[in-house]
$ cat query38.pdb   # PDB, C-alpha atoms and all ligand atoms
ATOM      1  CA  MET A 876       0.000   0.000   0.000  1.00  0.00           C
ATOM      2  CA  ILE A 877       1.222   3.490  -0.770  1.00  0.00           C
ATOM      3  CA  GLU A 878      -0.067   5.945   1.769  1.00  0.00           C
ATOM      4  CA  HIS A 879       0.404   9.699   1.343  1.00  0.00           C
ATOM      5  CA  ASP A 880       0.403  11.612   4.592  1.00  0.00           C
ATOM      6  CA  ALA A 881       2.211  14.933   4.299  1.00  0.00           C
ATOM      7  CA  PRO A 882       4.360  16.144   7.181  1.00  0.00           C
ATOM      8  CA  LEU A 883       3.710  19.733   8.238  1.00  0.00           C
ATOM      9  CA  ASP A 884       7.210  20.794   7.194  1.00  0.00           C
ATOM     10  CA  ALA A 885       6.948  23.897   5.018  1.00  0.00           C
ATOM     11  CA  THR A 886      10.655  24.623   4.697  1.00  0.00           C
ATOM     12  CA  GLY A 887      11.303  26.138   1.260  1.00  0.00           C
ATOM     13  CA  GLN A 888       7.606  26.667   0.434  1.00  0.00           C
ATOM     14  CA  ARG A 889       6.391  30.061  -0.768  1.00  0.00           C
ATOM     15  CA  HIS A 890       2.883  31.015   0.383  1.00  0.00           C
ATOM     16  CA  ALA A 891       0.403  33.678  -0.686  1.00  0.00           C
ATOM     17  CA  ILE A 892      -2.274  34.959   1.656  1.00  0.00           C
ATOM     18  CA  VAL A 893      -5.242  36.933   0.324  1.00  0.00           C
ATOM     19  CA  ALA A 894      -7.261  38.656   3.044  1.00  0.00           C
ATOM     20  CA  ALA A 895     -10.585  40.498   2.894  1.00  0.00           C
ATOM     21  CA  ARG A 896     -10.563  43.921   4.589  1.00  0.00           C
ATOM     22  CA  PHE A 897     -14.317  43.844   5.353  1.00  0.00           C
ATOM     23  CA  ASN A 898     -14.647  43.078   9.084  1.00  0.00           C
ATOM     24  CA  ASP A 899     -10.911  43.639   9.382  1.00  0.00           C
ATOM     25  CA  ALA A 900     -11.097  43.805  13.181  1.00  0.00           C
ATOM     26  CA  ILE A 901     -11.682  40.047  12.925  1.00  0.00           C
ATOM     27  CA  VAL A 902      -9.638  39.310   9.829  1.00  0.00           C
ATOM     28  CA  VAL A 903      -6.381  40.793  11.211  1.00  0.00           C
ATOM     29  CA  HIS A 904      -6.442  38.029  13.834  1.00  0.00           C
ATOM     30  CA  LEU A 905      -6.887  35.381  11.129  1.00  0.00           C
ATOM     31  CA  VAL A 906      -3.940  36.865   9.216  1.00  0.00           C
ATOM     32  CA  ARG A 907      -1.796  36.914  12.360  1.00  0.00           C
ATOM     33  CA  GLY A 908      -2.678  33.279  13.057  1.00  0.00           C
ATOM     34  CA  ALA A 909      -1.920  32.209   9.486  1.00  0.00           C
ATOM     35  CA  VAL A 910       1.408  34.043   9.318  1.00  0.00           C
ATOM     36  CA  SER A 911       2.621  32.713  12.671  1.00  0.00           C
ATOM     37  CA  THR A 912       1.612  29.164  11.685  1.00  0.00           C
ATOM     38  CA  LEU A 913       3.482  29.394   8.367  1.00  0.00           C
ATOM     39  CA  ARG A 914       6.585  30.698  10.169  1.00  0.00           C
ATOM     40  CA  ARG A 915       6.347  28.050  12.875  1.00  0.00           C
ATOM     41  CA  HIS A 916       6.341  25.333  10.230  1.00  0.00           C
ATOM     42  CA  GLY A 917       9.418  26.677   8.457  1.00  0.00           C
ATOM     43  CA  VAL A 918       8.269  29.246   5.888  1.00  0.00           C
ATOM     44  CA  ALA A 919      10.766  32.117   5.614  1.00  0.00           C
ATOM     45  CA  ASP A 920       9.459  35.651   6.158  1.00  0.00           C
ATOM     46  CA  ASP A 921      10.388  36.683   2.614  1.00  0.00           C
ATOM     47  CA  ASP A 922       8.385  33.753   1.268  1.00  0.00           C
ATOM     48  CA  ILE A 923       5.053  35.005   2.644  1.00  0.00           C
ATOM     49  CA  ASP A 924       3.131  37.351   0.340  1.00  0.00           C
ATOM     50  CA  LEU A 925       0.060  39.130   1.805  1.00  0.00           C
ATOM     51  CA  THR A 926      -2.554  40.963  -0.287  1.00  0.00           C
ATOM     52  CA  TRP A 927      -5.653  42.758   1.042  1.00  0.00           C
ATOM     53  CA  VAL A 928      -8.810  42.914  -1.083  1.00  0.00           C
ATOM     54  CA  PRO A 929     -12.033  44.855  -0.277  1.00  0.00           C
ATOM     55  CA  GLY A 930     -14.233  41.922   0.771  1.00  0.00           C
ATOM     56  CA  ALA A 931     -14.721  38.168   0.623  1.00  0.00           C
ATOM     57  CA  PHE A 932     -16.435  38.510  -2.758  1.00  0.00           C
ATOM     58  CA  GLU A 933     -13.102  39.664  -4.233  1.00  0.00           C
ATOM     59  CA  LEU A 934     -11.017  36.805  -2.788  1.00  0.00           C
ATOM     60  CA  PRO A 935     -11.329  34.422  -5.776  1.00  0.00           C
ATOM     61  CA  LEU A 936      -9.983  36.877  -8.356  1.00  0.00           C
ATOM     62  CA  LEU A 937      -6.825  37.706  -6.403  1.00  0.00           C
ATOM     63  CA  ALA A 938      -6.430  34.044  -5.466  1.00  0.00           C
ATOM     64  CA  SER A 939      -6.532  33.267  -9.180  1.00  0.00           C
ATOM     65  CA  VAL A 940      -3.885  35.913  -9.949  1.00  0.00           C
ATOM     66  CA  ARG A 941      -1.590  34.556  -7.220  1.00  0.00           C
ATOM     67  CA  ALA A 942      -2.175  30.910  -8.133  1.00  0.00           C
ATOM     68  CA  ARG A 943      -1.529  31.530 -11.841  1.00  0.00           C
ATOM     69  CA  SER A 944       1.704  33.414 -11.120  1.00  0.00           C
ATOM     70  CA  GLY A 945       3.423  30.073 -10.583  1.00  0.00           C
ATOM     71  CA  ARG A 946       5.298  31.549  -7.627  1.00  0.00           C
ATOM     72  CA  PHE A 947       3.392  29.971  -4.739  1.00  0.00           C
ATOM     73  CA  ALA A 948       2.957  26.482  -3.311  1.00  0.00           C
ATOM     74  CA  ALA A 949      -0.479  27.469  -2.001  1.00  0.00           C
ATOM     75  CA  VAL A 950      -2.825  30.422  -1.602  1.00  0.00           C
ATOM     76  CA  THR A 951      -4.694  30.938   1.667  1.00  0.00           C
ATOM     77  CA  CYS A 952      -7.852  33.059   1.491  1.00  0.00           C
ATOM     78  CA  LEU A 953      -8.999  34.690   4.724  1.00  0.00           C
ATOM     79  CA  GLY A 954     -12.135  36.658   5.481  1.00  0.00           C
ATOM     80  CA  ALA A 955     -15.144  37.049   7.734  1.00  0.00           C
ATOM     81  CA  VAL A 956     -18.702  37.168   6.443  1.00  0.00           C
ATOM     82  CA  ILE A 957     -21.187  37.941   9.212  1.00  0.00           C
ATOM     83  CA  ARG A 958     -24.900  37.477   8.563  1.00  0.00           C
ATOM     84  CA  GLY A 959     -26.179  40.433  10.537  1.00  0.00           C
ATOM     85  CA  ALA A 960     -24.081  42.827   8.512  1.00  0.00           C
ATOM     86  CA  THR A 961     -25.756  42.286   5.159  1.00  0.00           C
ATOM     87  CA  PRO A 962     -28.737  40.897   3.314  1.00  0.00           C
ATOM     88  CA  HIS A 963     -26.145  39.687   0.792  1.00  0.00           C
ATOM     89  CA  PHE A 964     -24.709  37.153   3.241  1.00  0.00           C
ATOM     90  CA  ASP A 965     -25.621  34.078   1.215  1.00  0.00           C
ATOM     91  CA  LEU A 966     -24.474  35.591  -2.076  1.00  0.00           C
ATOM     92  CA  VAL A 967     -21.109  36.681  -0.684  1.00  0.00           C
ATOM     93  CA  CYS A 968     -20.522  33.297   1.006  1.00  0.00           C
ATOM     94  CA  GLN A 969     -21.551  31.390  -2.101  1.00  0.00           C
ATOM     95  CA  ALA A 970     -19.394  33.489  -4.428  1.00  0.00           C
ATOM     96  CA  ALA A 971     -16.359  33.210  -2.164  1.00  0.00           C
ATOM     97  CA  ALA A 972     -16.684  29.469  -1.589  1.00  0.00           C
ATOM     98  CA  SER A 973     -17.411  28.442  -5.168  1.00  0.00           C
ATOM     99  CA  GLY A 974     -14.890  30.903  -6.624  1.00  0.00           C
ATOM    100  CA  ILE A 975     -12.088  29.729  -4.332  1.00  0.00           C
ATOM    101  CA  SER A 976     -12.831  26.100  -5.050  1.00  0.00           C
ATOM    102  CA  ARG A 977     -12.879  26.792  -8.801  1.00  0.00           C
ATOM    103  CA  VAL A 978      -9.489  28.527  -8.727  1.00  0.00           C
ATOM    104  CA  ALA A 979      -7.927  25.512  -7.020  1.00  0.00           C
ATOM    105  CA  LEU A 980      -9.426  23.053  -9.501  1.00  0.00           C
ATOM    106  CA  ASP A 981      -8.623  25.204 -12.549  1.00  0.00           C
ATOM    107  CA  THR A 982      -5.002  25.905 -11.574  1.00  0.00           C
ATOM    108  CA  GLY A 983      -3.981  22.801  -9.630  1.00  0.00           C
ATOM    109  CA  VAL A 984      -2.629  25.081  -6.913  1.00  0.00           C
ATOM    110  CA  PRO A 985      -4.094  24.533  -3.428  1.00  0.00           C
ATOM    111  CA  VAL A 986      -6.362  27.461  -2.586  1.00  0.00           C
ATOM    112  CA  ILE A 987      -7.613  27.315   0.971  1.00  0.00           C
ATOM    113  CA  PHE A 988     -11.004  28.535   2.224  1.00  0.00           C
ATOM    114  CA  GLY A 989     -10.203  30.318   5.475  1.00  0.00           C
ATOM    115  CA  VAL A 990     -13.361  32.389   5.511  1.00  0.00           C
ATOM    116  CA  LEU A 991     -15.530  32.605   8.616  1.00  0.00           C
ATOM    117  CA  THR A 992     -19.241  32.529   7.796  1.00  0.00           C
ATOM    118  CA  THR A 993     -21.106  33.241  10.997  1.00  0.00           C
ATOM    119  CA  ASP A 994     -24.482  34.437  12.219  1.00  0.00           C
ATOM    120  CA  THR A 995     -23.012  36.829  14.775  1.00  0.00           C
ATOM    121  CA  ILE A 996     -19.904  38.874  15.518  1.00  0.00           C
ATOM    122  CA  GLU A 997     -19.502  36.864  18.722  1.00  0.00           C
ATOM    123  CA  GLN A 998     -19.217  33.628  16.745  1.00  0.00           C
ATOM    124  CA  ALA A 999     -16.601  35.254  14.520  1.00  0.00           C
ATOM    125  CA  VAL A1000     -14.584  36.480  17.530  1.00  0.00           C
ATOM    126  CA  GLU A1001     -14.682  32.965  18.999  1.00  0.00           C
ATOM    127  CA  ARG A1002     -13.088  31.606  15.814  1.00  0.00           C
ATOM    128  CA  ALA A1003     -10.487  34.367  15.463  1.00  0.00           C
ATOM    129  CA  GLY A1004      -8.157  33.365  18.253  1.00  0.00           C
ATOM    130  CA  THR A1005     -10.404  32.969  21.280  1.00  0.00           C
ATOM    131  CA  LYS A1006     -12.403  30.006  22.579  1.00  0.00           C
ATOM    132  CA  ALA A1007     -13.018  28.202  19.291  1.00  0.00           C
ATOM    133  CA  GLY A1008      -9.450  28.452  17.974  1.00  0.00           C
ATOM    134  CA  ASN A1009      -8.216  30.479  15.039  1.00  0.00           C
ATOM    135  CA  LYS A1010      -9.471  29.810  11.515  1.00  0.00           C
ATOM    136  CA  GLY A1011      -6.350  31.474  10.085  1.00  0.00           C
ATOM    137  CA  GLU A1012      -4.054  28.969  11.799  1.00  0.00           C
ATOM    138  CA  GLU A1013      -6.218  26.084  10.637  1.00  0.00           C
ATOM    139  CA  ALA A1014      -6.212  27.424   7.059  1.00  0.00           C
ATOM    140  CA  ALA A1015      -2.419  27.837   7.038  1.00  0.00           C
ATOM    141  CA  ARG A1016      -1.949  24.240   8.240  1.00  0.00           C
ATOM    142  CA  ALA A1017      -4.238  23.055   5.428  1.00  0.00           C
ATOM    143  CA  ALA A1018      -2.210  25.140   2.941  1.00  0.00           C
ATOM    144  CA  ILE A1019       1.072  23.559   4.073  1.00  0.00           C
ATOM    145  CA  GLU A1020      -0.369  20.053   3.959  1.00  0.00           C
ATOM    146  CA  MET A1021      -1.964  20.509   0.530  1.00  0.00           C
ATOM    147  CA  ALA A1022       1.192  22.123  -0.866  1.00  0.00           C
ATOM    148  CA  SER A1023       3.197  19.080   0.248  1.00  0.00           C
ATOM    149  CA  LEU A1024       0.621  16.646  -1.124  1.00  0.00           C
ATOM    150  CA  VAL A1025       0.420  18.198  -4.597  1.00  0.00           C
ATOM    151  CA  ALA A1026       4.229  18.306  -4.776  1.00  0.00           C
ATOM    152  CA  ASP A1027       4.490  14.638  -3.714  1.00  0.00           C
TER     153      ASP A1027
HETATM  154  N1  LIG B1101     -17.642  41.206   2.656  1.00  0.00           N
HETATM  155  C1  LIG B1101     -17.079  40.462   3.641  1.00  0.00           C
HETATM  156  O1  LIG B1101     -15.925  40.023   3.510  1.00  0.00           O
HETATM  157  N2  LIG B1101     -17.780  40.214   4.779  1.00  0.00           N
HETATM  158  C2  LIG B1101     -19.058  40.666   4.970  1.00  0.00           C
HETATM  159  O2  LIG B1101     -19.639  40.401   6.053  1.00  0.00           O
HETATM  160  C3  LIG B1101     -19.649  41.461   3.951  1.00  0.00           C
HETATM  161  N3  LIG B1101     -20.952  42.005   4.119  1.00  0.00           N
HETATM  162  O3  LIG B1101     -21.503  41.850   5.211  1.00  0.00           O
HETATM  163  O4  LIG B1101     -21.500  42.634   3.240  1.00  0.00           O
HETATM  164  C4  LIG B1101     -18.899  41.703   2.770  1.00  0.00           C
HETATM  165  N4  LIG B1101     -19.426  42.438   1.770  1.00  0.00           N
HETATM  166  C5  LIG B1101     -18.610  43.055   0.762  1.00  0.00           C
HETATM  167  C6  LIG B1101     -18.366  42.137  -0.442  1.00  0.00           C
HETATM  168  O5  LIG B1101     -17.487  41.084  -0.087  1.00  0.00           O
HETATM  169  C7  LIG B1101     -17.716  42.917  -1.593  1.00  0.00           C
HETATM  170  O6  LIG B1101     -16.512  43.472  -1.162  1.00  0.00           O
HETATM  171  C8  LIG B1101     -18.606  44.059  -2.109  1.00  0.00           C
HETATM  172  O7  LIG B1101     -19.889  43.564  -2.438  1.00  0.00           O
HETATM  173  C9  LIG B1101     -17.978  44.676  -3.392  1.00  0.00           C
HETATM  174  O8  LIG B1101     -17.908  43.711  -4.437  1.00  0.00           O
END
$ encode --input "query38.pdb" --output "structure tokens"
Amino acid sequence: MIEHDAPLDATGQRHAIVAARFNDAIVVHLVRGAVSTLRRHGVADDDIDLTWVPGAFELPLLASVRARSGRFAAVTCLGAVIRGATPHFDLVCQAAASGISRVALDTGVPVIFGVLTTDTIEQAVERAGTKAGNKGEEAARAAIEMASLVAD
């Protein structure tokens, strides 16, 4: 049996992060979690590329630009879509999720969905480095693992 189980060693990998500025009080904590996780697993500072876009709706386009550049082992998309803030909640979530998934499948580059989709600000805070962990850290670990698996 051949079993593929990637170690979380990201030494030598180059990573792009694309972050949505909407709800940035939350998203900065996701970015901090993702960056510290990448560093902890061996990614050099100069090999982390961070781009801010206006909102989660815009994540797929920049993810596509970064993925197609050929420069990155993976692209991690971060954002926070909070239901109370907009009647467009479902549209923004749907566009972000399907767009991000499409970029990964079209390019073959891992593109990670690190977007919080919550009913309340409290739920978002809980997932941005407080009692329910940090979605940015989780997304960065997925990016490292997927980058290793596609390179295997
Ligand atoms: N973008 C988000 O990232 N989170 C949200 O909660 C949000 N709300 O609530 O509207 C949001 N909207 C902006 C959207 O992503 C686009 O930036 C905007 O529609 C311009 O295309």
$ closest_residue --input "query38.pdb" --among "A:Leu905, A:Cys968, A:Ala1022, A:Val940" --to "Asp994 (chain A)" --atoms "all atoms listed in the file"
A:Cys968
$ closest_atom_pairs --input "query38.pdb" --of "chain A" --to "ligand LIG 1101 (chain B)" --cutoff "12 Å" --atoms "all atoms listed in the file" --output "tab-separated table"
residue	atom	partner	partner_atom	distance
A:Val893	CA	B:LIG1101	O1	11.6
A:Ala894	CA	B:LIG1101	O1	8.8
A:Ala895	CA	B:LIG1101	O1	5.4
A:Arg896	CA	B:LIG1101	O1	6.7
A:Phe897	CA	B:LIG1101	O1	4.5
A:Asn898	CA	B:LIG1101	N2	6.0
A:Asp899	CA	B:LIG1101	O1	8.5
A:Ala900	CA	B:LIG1101	N2	11.3
A:Ile901	CA	B:LIG1101	N2	10.2
A:Val902	CA	B:LIG1101	O1	8.9
A:Trp927	CA	B:LIG1101	O1	10.9
A:Val928	CA	B:LIG1101	O6	7.7
A:Pro929	CA	B:LIG1101	O6	4.8
A:Gly930	CA	B:LIG1101	O6	3.4
A:Ala931	CA	B:LIG1101	O1	3.6
A:Phe932	CA	B:LIG1101	O5	3.9
A:Glu933	CA	B:LIG1101	O6	6.0
A:Leu934	CA	B:LIG1101	O5	8.2
A:Pro935	CA	B:LIG1101	O5	10.7
A:Leu936	CA	B:LIG1101	O8	11.2
A:Cys952	CA	B:LIG1101	O1	10.9
A:Leu953	CA	B:LIG1101	O1	8.8
A:Gly954	CA	B:LIG1101	O1	5.4
A:Ala955	CA	B:LIG1101	N2	5.1
A:Val956	CA	B:LIG1101	O2	3.4
A:Ile957	CA	B:LIG1101	O2	4.3
A:Arg958	CA	B:LIG1101	O3	6.5
A:Gly959	CA	B:LIG1101	O3	7.2
A:Ala960	CA	B:LIG1101	O3	4.3
A:Thr961	CA	B:LIG1101	O3	4.3
A:Pro962	CA	B:LIG1101	O4	7.4
A:His963	CA	B:LIG1101	O4	6.0
A:Phe964	CA	B:LIG1101	O3	6.0
A:Asp965	CA	B:LIG1101	N3	9.6
A:Leu966	CA	B:LIG1101	C6	9.1
A:Val967	CA	B:LIG1101	O5	5.7
A:Cys968	CA	B:LIG1101	N2	8.3
A:Gln969	CA	B:LIG1101	O5	10.7
A:Ala970	CA	B:LIG1101	O5	9.0
A:Ala971	CA	B:LIG1101	O5	8.2
A:Ala972	CA	B:LIG1101	O5	11.7
A:Gly989	CA	B:LIG1101	O1	11.4
A:Val990	CA	B:LIG1101	O1	8.3
A:Leu991	CA	B:LIG1101	N2	8.8
A:Thr992	CA	B:LIG1101	O2	8.1
A:Thr993	CA	B:LIG1101	O2	8.8
A:Asp994	CA	B:LIG1101	O2	9.9
A:Thr995	CA	B:LIG1101	O2	10.0
A:Ile996	CA	B:LIG1101	O2	9.6
A:Ala999	CA	B:LIG1101	O2	10.4
$ atom_distance --input "query38.pdb" --atom1 "CA of Gly945 (chain A)" --atom2 "CA of Ile892 (chain A)"
14.4 Å
$ closest_residue --input "query38.pdb" --among "A:Lys1006, A:Arg941, A:His904, A:Arg1016" --to "Ala881 (chain A)" --atoms "only C-alpha atoms"
A:Arg1016
$ atom_distance --input "query38.pdb" --atom1 "CA of Thr1005 (chain A)" --atom2 "CA of Ile923 (chain A)"
24.3 Å
$ closest_residue --input "query38.pdb" --among "A:Val986, A:Ala1007, A:Ala942, A:Leu925" --to "Glu1020 (chain A)" --atoms "all atoms listed in the file"
A:Val986
$ atom_distance --input "query38.pdb" --atom1 "CA of Ala919 (chain A)" --atom2 "CA of Gly1008 (chain A)"
24.0 Å
$ resolve_selection --input "query38.pdb" --expression "the PyMOL selection byres (((chain A and resi 921) around 12) and not hetatm)" --output "mmCIF file with C-alpha atoms, in the coordinates of the input"
data_model
loop_
_atom_site.group_PDB
_atom_site.id
_atom_site.type_symbol
_atom_site.label_atom_id
_atom_site.label_comp_id
_atom_site.auth_asym_id
_atom_site.auth_seq_id
_atom_site.Cartn_x
_atom_site.Cartn_y
_atom_site.Cartn_z
ATOM 1 C CA GLY A 887 11.303 26.138 1.260
ATOM 2 C CA GLN A 888 7.606 26.667 0.434
ATOM 3 C CA ARG A 889 6.391 30.061 -0.768
ATOM 4 C CA HIS A 890 2.883 31.015 0.383
ATOM 5 C CA ALA A 891 0.403 33.678 -0.686
ATOM 6 C CA VAL A 910 1.408 34.043 9.318
ATOM 7 C CA LEU A 913 3.482 29.394 8.367
ATOM 8 C CA ARG A 914 6.585 30.698 10.169
ATOM 9 C CA GLY A 917 9.418 26.677 8.457
ATOM 10 C CA VAL A 918 8.269 29.246 5.888
ATOM 11 C CA ALA A 919 10.766 32.117 5.614
ATOM 12 C CA ASP A 920 9.459 35.651 6.158
ATOM 13 C CA ASP A 922 8.385 33.753 1.268
ATOM 14 C CA ILE A 923 5.053 35.005 2.644
ATOM 15 C CA ASP A 924 3.131 37.351 0.340
ATOM 16 C CA LEU A 925 0.060 39.130 1.805
#
$ residues_around --input "query38.pdb" --residues "Arg943 (chain A)" --least-positions-apart "5" --cutoff "9 Å" --atoms "all atoms listed in the file" --output "short mmCIF file (atom, residue, chain, number, x, y, z; two decimals) with C-alpha atoms, keeping the file's coordinate frame"
data_model
loop_
_atom_site.label_atom_id
_atom_site.label_comp_id
_atom_site.auth_asym_id
_atom_site.auth_seq_id
_atom_site.Cartn_x
_atom_site.Cartn_y
_atom_site.Cartn_z
CA ALA A 938 -6.43 34.04 -5.47
CA THR A 982 -5.00 25.90 -11.57
CA VAL A 984 -2.63 25.08 -6.91
#
$ closest_residue --input "query38.pdb" --among "A:Leu1024, A:Val950, A:Val906, A:Leu937" --to "Lys1010 (chain A)" --atoms "only C-alpha atoms"
A:Val906
$ closest_residue --input "query38.pdb" --among "A:Val903, A:Ala949, A:Val1025, A:Ala1018" --to "Ala1003 (chain A)" --atoms "only C-alpha atoms"
A:Val903
$ axis_aligned_box --input "query38.pdb" --around "region 964-977 of chain A" --padding-each-side "6 Å" --output "JSON"
{"center_x": -18.9, "center_y": 31.6, "center_z": -2.8, "size_x": 25.5, "size_y": 23.1, "size_z": 24.0}
$ closest_residue --input "query38.pdb" --among "A:Glu1001, A:Gly974, A:Ala1014, A:Met876" --to "Phe988 (chain A)" --atoms "all atoms listed in the file"
A:Ala1014
